[in-house]
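Asks: Okay, handing you the structure first.
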Amino acid sequence: MTMIQATDAPSPSKVLEGRLRARTATIGIIGLGYVGLPLARTFASQGLRVLGFDIDADKVEALNSGQSYIRHIPAAAIAGMVDAGAFRASTDYSAIRSCDAVLICVPTPLTRHREPDLSYIVSTAEAIQSHLTAGQLIVLESTTYPGTTDEVLRPILELSGMKAGADFFLAFSPEREDPGNQSYETATIPKVVGGDGEALRMACILYDQIVPHTVPVSSCSTAEAVKLTENIFRAVNIALVNELKVVYDRMGIDIWEVIEAAKSKPFGFMPFYPSAGLGGHCIPIDPFYLTWKAREFDLSTRFVELAGEVNAAMPAYVVERLAVGLDQRFRKAVCGSRILVVGLAYKKNVDDMRESPAFKVIELLERRGAVVEYHDPLIPEIRPTREHAAMTGRKSVAWSPEILAGFDAAMIVTDHDCIDWQELVDNSRLVVDTRNATKAVRRNRQWIIKA
Ligand SMILES: NC(=O)c1ccc[n+]([C@@H]2O[C@H](COP(=O)([O-])OP(=O)(O)OC[C@H]3O[C@@H](n4cnc5c(N)ncnc54)[C@H](O)[C@@H]3O)[C@@H](O)[C@H]2O)c1
């Protein structure tokens, strides 16, 4: 790492710019999860040296031995960058000193009281602070409320005695990674970057090395707001189609048919799809970061709250549709029925179960006395979670016509491409489909209830 020393030495920004453009810079990435790991891979593939940092020693060991713990990142890709000397992971923050740029990709969940939990950002900042070196670029990538970089991160880093803008560069660049997306990946998604003066310019040069183009905005707060706006847009539109689904269903109209036709309009309409509820680490959580911050300005975020309310009601709605189906078709109660939940992941083709509505569906069904099992080829066993600790260790049931026939009903929560929907319908007495997964099923459609 280059220190600011003599007055005739090149300026810190000149040095950093040169190293970034020449791709001789070392990039530190803190938090090697769904965001940090693809980012590390993208920088390494562009010839930059990457040092990864994580507090999870098992992850660090797995990566250094060339293994992957994220389904869509092949082990061969990890092994390739480790073997080439382009990537190394560590739990020891002292190597931060040797990095030219440090990108923070740690979690930003909500507390039990649904308020922003910045503890991961704070502990990361404290850990960086003691190793901060003059001329370094620090970029926060974690999704958070406007003001976090300047009001939370900056003061902790400045405890080092160095000043942002004078001694080191500080910026915010939101992550837009969409795991499982076949059309876009880190390297093909434009990157929004916010910061002041030279920090903004340095951060743009950094990301220009790996993405098609960067989109500079005037401050860290603006860049933080861009990310929240994108995710609130999704949360609100998903809530809208979920609400329309309930209304149209009562009218005997199929919401999926409506959306399919509506999206033929070449302008002014963008399709969103209903489901058993919101899931994932972002959309159910991030909007409430803004809600919390808005209170400081005596403002409420009514769209965010309403969308949260509508989306949170979906698990109960689809469970009720199942109950009515059992009742009307078989004169059977939910209590004592055997129900198969198909798909545990929060969305198709990923192995990520964070905040999945499937958990809520299972809990609601079990509270009513049903015997519930799940099938998800991508999640063979439920890993420990803070909110659903009691479900830890439950295993995905095997898939066969005999096993399917042993259930009173199946509820499709996630529409993984690898599941044979015709086989499910052929061997089930009742299928409640919350994703329109059975759209191509031809036989036995009378057993399907769309919900
Ligand atoms: N997953 C997504 O698709 C996605 C998309 C866009 C933005 N984001 C945002 O990116 C951020 C990270 O999300 P993620 O999905 O990658 O989370 P993740 O849980 O998959 O990964 C976070 C990693 O950080 C590590 N970690 C926690 N505290 C640490 C510390 N103090 N020092 C070093 N490592 C630490 C954890 O062990 C974990 O490996 C969040 O703010 C999230 O909202 C996520």
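Convention: chains lettered A, B, ... in structure tokens order; per-chain residue numbering from 1; ligands numbered from 1 as shown.
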Kindly compile the residues surrounding ligand 1 within 9 Å, counting only C-alpha atoms and all ligand atoms, and format them as a VMD selection string.

Replies: chain A and resid 29 to 37 52 to 57 59 to 60 70 91 93 104 to 109 119 to 127 141 to 144 174 to 179 227 280 to 283 285 to 286 352

Asks: So that I can see what lies close to Arg429 (chain A), please list as number ranges by chain the residues with an atom at most 9 Å from it, counting only C-alpha atoms and leaving out residues fewer than 6 positions away in the same chain.

Replies: A: 405, 407-410, 447-448

Asks: Can you list, as a ChimeraX atom specification, all residues belonging to region 13-197 of chain A that DSSP tags as alpha helix (DSSP H)?

Replies: /A:13-21,36-45,57-64,75-83,119-129,148,154-157,197

Asks: Rank nothing, just name the residue among A:Ala239, A:Met270, A:Val211, A:Ala451 nearest to Ala187 (chain A), using only C-alpha atoms.

Replies: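 Closest candidate: A:Val211.
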
Asks: Rounded to one decimal in Å, what is the spacing between CA of His213 (chain A) and CA of Pro287 (chain A)?

Replies: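 Here the two named atoms are 26.3 Å from each other.
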
Asks: For region 366-369 of chain A, please output as number ranges by chain all residues within 12 Å (counting only C-alpha atoms; exclusion window: fewer than 5 positions along the same chain).

Replies: A: 316, 319-320, 322-323, 333-341, 359-361, 391

Asks: Give me the residues within 12 Å of Arg154 (chain A) as JSON, numbers by chain, counting only C-alpha atoms and dropping any in the same chain fewer than 6 places off.

Replies: {"A": [121, 122, 125, 126, 128, 129, 132, 138, 139, 140, 147, 148, 160, 161, 162, 163, 164, 165, 168, 169, 170, 171, 172, 195, 220]}

Asks: Need to verify the contact set: Asp254 (chain A), 8 Å, only C-alpha atoms, exclusion of same-chain residues closer than 5 positions in sequence. Can you return it as a ChimeraX atom specification?

Replies: /A:245,248-249

Asks: When you draw a straight line from CA of Ala276 (chain A) to CA of Lys347 (chain A), how long is it in Å?

Replies: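 The value is 10.6 Å.
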
Asks: Region 381-383 of chain A: which residues within 8 Å, counting only C-alpha atoms, same-chain residues fewer than 2 positions away excluded, as a list in words?

Replies: Ile379, Thr385, Met391, Thr392, Gly393, Arg394, Lys395 and Ser396 of chain A

Asks: Ser300 (chain A): which residues within 9 Å, counting only C-alpha atoms, same-chain residues fewer than 6 positions away excluded, as number ranges by chain?

Replies: A: 291-292, 294
